[in-house]
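K.L.:
Mind looking over this structure? Questions follow.
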Amino acid sequence: MVEPTRESANLLFEIGTEELPPKALRALSAALEHGFMKGLEDAGLTHGDVTAYAAPRRLALLVEECAKAQPDRDIERRGPALGAAFDRDGQPTQAAEGFARSCNTTVDQLQQLETDKGAWLAFKVREQGSRAAELLPAIAEQALNRLPIPKRMRWGESETQFVRPVHWLVFLHGDQVVPCTLLDVAAGKQTFGHRFHHPQAITLYNPEDYADVLGSLGKVIAHFDTRRERIRQQVAETADTLGGRPDLDEDLLDEVTALNEWPMPIAGTFDEDFLAVPHEALVATMKGNQKYFPVFDPAGRLLNYFITIVNLESTQPDLIREGNERVVRPRFADAKFFWEQDGKQRLEERIPQLDHVVFQNALGNMREKSGRVATLAAHIADKIGGDPQLALRAGELSRCDLMTEMVFEFPEMQGIMGRYLAQRDGEPEELAAAMDEFYMPRFSGDRLPQTPTGIAISLADRLDTLVGIFGIGMKPTGDKDPFALRRAALGALRVLRDHALPLNLKALLAEAEEQLHGKLQQSKVADSVYTFMLERLKGLYADDGTAHDVFEAVAAVEPTAIADFEHRVRAVSDFRALPEAEALAAANKRISNILRKADGPIAEAVDPDLFELTAEKELYDQLQAIDRQITPMLAVADYGAMLQALARLRAPVDRFFDDVMVMAEKPRVRANRLAMLRSLGQQFLRVADVSEFRT
């Protein structure tokens, strides 16, 4: 830490509260830091490094070398023009006198300001900067008011509102308290330690001592990331002593860090009989309800251990362990009961129950939807080399696990429970895997379905939902997307693109629309959904770093398959980097403009007998040669090689435009030259419309 100067001092701001919402702690800390730093910047108070602290009962900032005052500054006010400031006798006018009075001075003390645009009276004064102690309270108050708190609360008889009741406020600049009252609490230099280990007040004399004093005396690790790393290490070491490895879920790690000031690990165990239950249900209980870290063996099998983090150094850790084991036991017993009960009925026996679950009033129940998904999935499976009959059955069974007690109690078990039950029923392994893959990808970045059957039903379900909801006029608007259609579109696009599926997306959407015939209220739904999905695809490519004009160049030729779209984008991106690309893009723009403005007929084919110039024949010969070369490439979608070949047209194209007057006076010659340009443009359009490039 840099030593402060006479003009600066280290600054500490801490607000002490009841336990803050654990899932919001990091966001609150970041917002406080951002708001406070912006306030210092706006006030002109220079400073050094900033450290944010966040623990269950406190938010704090340490600002190094914070200026003790604003810098002095020169203030200049412009008054009336000289011509209006003095009369013919050189006496001050009322305008000059009024300006002087507004500056608390006299006319003879004013200065003259000369500029290129004229001369004016002016008043210049050096304004002394305000002391930091006068500015800091308002800066802190504004930062607190701007915290992202969805619902503020009151406490006691106070009208003050904050995310949690406030108990103390530390505001030190150097060794001096910044005098103020915020949230009905007067600033001081006393903080408080751990609720149990050191509930007494701790007097702070220097801001830079804050973290060390709290840690050594108060038993509080104030820095969030330091505390988080300690928990990670504690859990890993404890799991190692148990012969396993922990599930160090990052979100859970954040939440546990936000719940503990002085973390200590305790390992617990549970009956091995519970391991017969699908481990995902046990893990969901441990992580979601109890905030425990599950432990797995090196092969990835769940062990009958868990690790919990407690917020104190206990003299009786066995009591805490026994208490946690006692709490989790009935939850596991419930999961085991649900598993056993659900196993008494086959998945297919639950199909009739779907009649009583509404998907959407206008679109029917879940059984109807499952039937549509099954039919579309069978069609998709046939196109991608899968088993249509297996996909049909998978689609029919895909939502049956929604009717189980396990999924009712643990909604996150959707699909997972279907996989386990399908295995228990003796269904084919691919079908069982597809029950889980049906929901993939569940979120951005999630893994994709891998089996042909899983791919088919995952894709079919999303396309049916998109067409159905669009068809009843409930497409997303603004930030409202109650049916998560954006997520459905992105999921379908990822499946199509990443698996390079040779599927005609427009045709699939049309088939989905046909299946919903009689339920839809809109027309041309497939076209609307296709446009919507193309916008989402543009976002995917933008996230990947693909240039906007590359995407537009490919989109202009409307590839039927997303996999084909992907091949073209990669080829066009490579072509875009070639030195010939810019000239050829400009030529294609010129061709588009000429053809669009042509008011006469264009010949159906190019007639070499009508050539008048060498440049015409040269370009024609090159076009003929390249056409023979790239036609076989098109058959195998080798777009990169096609564009490499077309790049060789730069020289003859340049000569053509330099030497040839396209709009010749002779109608037949003009029509022939237009046909040549159309032929040239069409060669590029076999891959993409490069005229979309920004040149």
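Numbering starts fresh at 1 for the residues of each chain in the structure tokens, the chains themselves are lettered A, B, ... in the order given, and ligands are numbered from 1 as they appear.
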Tell me which protein, DNA and RNA residues are within 9 Å of Arg26 (chain A), counting only C-alpha atoms, leaving out same-chain ones fewer than 5 positions away, and put them as a PyMOL selection string.

P.N.:
chain A and resi 31+54+224+254+258

K.L.:
Could you write out that same residue set with N, CA and C atoms as a PDB file, in the first residue's frame?

P.N.:
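New file part-v4.pdb:
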ATOM      1  N   ALA A  31     -21.828  -2.690  -7.039  1.00  0.00           N
ATOM      2  CA  ALA A  31     -22.577  -1.453  -7.286  1.00  0.00           C
ATOM      3  C   ALA A  31     -22.132  -0.343  -6.338  1.00  0.00           C
ATOM      4  N   ALA A  54     -16.890  -7.439   1.175  1.00  0.00           N
ATOM      5  CA  ALA A  54     -18.295  -7.850   1.267  1.00  0.00           C
ATOM      6  C   ALA A  54     -18.373  -9.113   2.108  1.00  0.00           C
ATOM      7  N   PHE A 224     -14.294 -10.757   0.055  1.00  0.00           N
ATOM      8  CA  PHE A 224     -15.118 -11.841  -0.484  1.00  0.00           C
ATOM      9  C   PHE A 224     -14.266 -12.913  -1.163  1.00  0.00           C
ATOM     10  N   ASP A 254     -20.215 -19.264  -4.388  1.00  0.00           N
ATOM     11  CA  ASP A 254     -20.528 -17.846  -4.159  1.00  0.00           C
ATOM     12  C   ASP A 254     -21.540 -17.688  -3.023  1.00  0.00           C
ATOM     13  N   ALA A 258     -21.091 -16.003   0.729  1.00  0.00           N
ATOM     14  CA  ALA A 258     -21.912 -14.879   1.179  1.00  0.00           C
ATOM     15  C   ALA A 258     -22.650 -15.170   2.472  1.00  0.00           C
TER      16      ALA A 258
END

K.L.:
Could you pull the residues within 12 Å of Asp574 (chain A), counting only C-alpha atoms, minus those fewer than 2 positions along the same chain, as a list in words?

P.N.:
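Using only C-alpha atoms, the neighbours found are Thr546, Ala547, Val550, His567, Arg568, Val569, Arg570, Ala571, Val572, Arg576, Ala577, Leu578, Pro579, Glu580, Ala581, Tyr639, Gly640, Ala641, Met642, Leu643, Gln644 and Ala647 of chain A.
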
K.L.:
Which distance in Å separates CA of Ser314 (chain A) and CA of Gln234 (chain A), to one decimal?

P.N.:
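About the pair CA of Ser314 (chain A) and CA of Gln234 (chain A): they are 15.6 Å apart.
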
K.L.:
Determine, counting only C-alpha atoms, which protein, DNA and RNA residues have an atom within 10 Å of an atom of Asp387 (chain A); residues of the same chain fewer than 6 positions away are not included. Present the result as number ranges by chain.

P.N.:
A: 377-381, 452-453, 456

K.L.:
Kindly export the residues of the current selection with C-alpha atoms, as a PDB file, in the first residue's frame.

P.N.:
ATOM      1  CA  ALA A 377     -39.009 -36.062 -34.532  1.00  0.00           C
ATOM      2  CA  ALA A 378     -39.539 -39.195 -36.618  1.00  0.00           C
ATOM      3  CA  HIS A 379     -39.233 -37.102 -39.781  1.00  0.00           C
ATOM      4  CA  ILE A 380     -36.031 -35.452 -38.487  1.00  0.00           C
ATOM      5  CA  ALA A 381     -34.521 -38.771 -37.411  1.00  0.00           C
ATOM      6  CA  PRO A 452     -29.811 -39.106 -33.154  1.00  0.00           C
ATOM      7  CA  THR A 453     -33.013 -39.715 -31.181  1.00  0.00           C
ATOM      8  CA  ALA A 456     -34.564 -35.296 -33.141  1.00  0.00           C
TER       9      ALA A 456
END

K.L.:
Would you give me, as a PyMOL selection string, the residues in region 166-272 of chain A that DSSP reads as alpha helix (DSSP H)?

P.N.:
chain A and resi 210-216+224-241+250-259

K.L.:
Do you have the CA of Ile15 (chain A)-CA of Leu169 (chain A) distance handy?

P.N.:
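Separating CA of Ile15 (chain A) from CA of Leu169 (chain A) is a distance of 4.8 Å.
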
K.L.:
Considering only C-alpha atoms, state which residue in the set A:Arg101, A:Arg497, A:Arg367, A:Arg78 is at the smallest distance from Thr115 (chain A).

P.N.:
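Residue with the minimum atom-to-atom distance to Thr115 (chain A): A:Arg78.
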
K.L.:
Identify all residues of region 81-227 of chain A in strand (DSSP E) (DSSP on the backbone) and supply them as an MDAnalysis selection string.

P.N.:
chainID A and resid 81 111:115 118:127 166:173 176:177 181:182 185:186 190:192 201:203

K.L.:
One number please: CA of Leu20 (chain A) to CA of Glu261 (chain A), in Å, one decimal.

P.N.:
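Value for the CA of Leu20 (chain A)-CA of Glu261 (chain A) distance: 11.8 Å.
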
K.L.:
Taking only C-alpha atoms into account, produce a table as a tab-separated table in which each residue of region 325-425 of chain A with an atom at most 12 Å from an atom of region 294-305 of chain A appears once, together with its shortest atom pair and the distance in Å to one decimal, ordered by chain and rising number.

P.N.:
residue	atom	partner	partner_atom	distance
A:Glu325	CA	A:Tyr305	CA	9.8
A:Val328	CA	A:Tyr305	CA	11.4
A:Arg329	CA	A:Asn304	CA	11.6
A:Phe332	CA	A:Asn304	CA	11.4
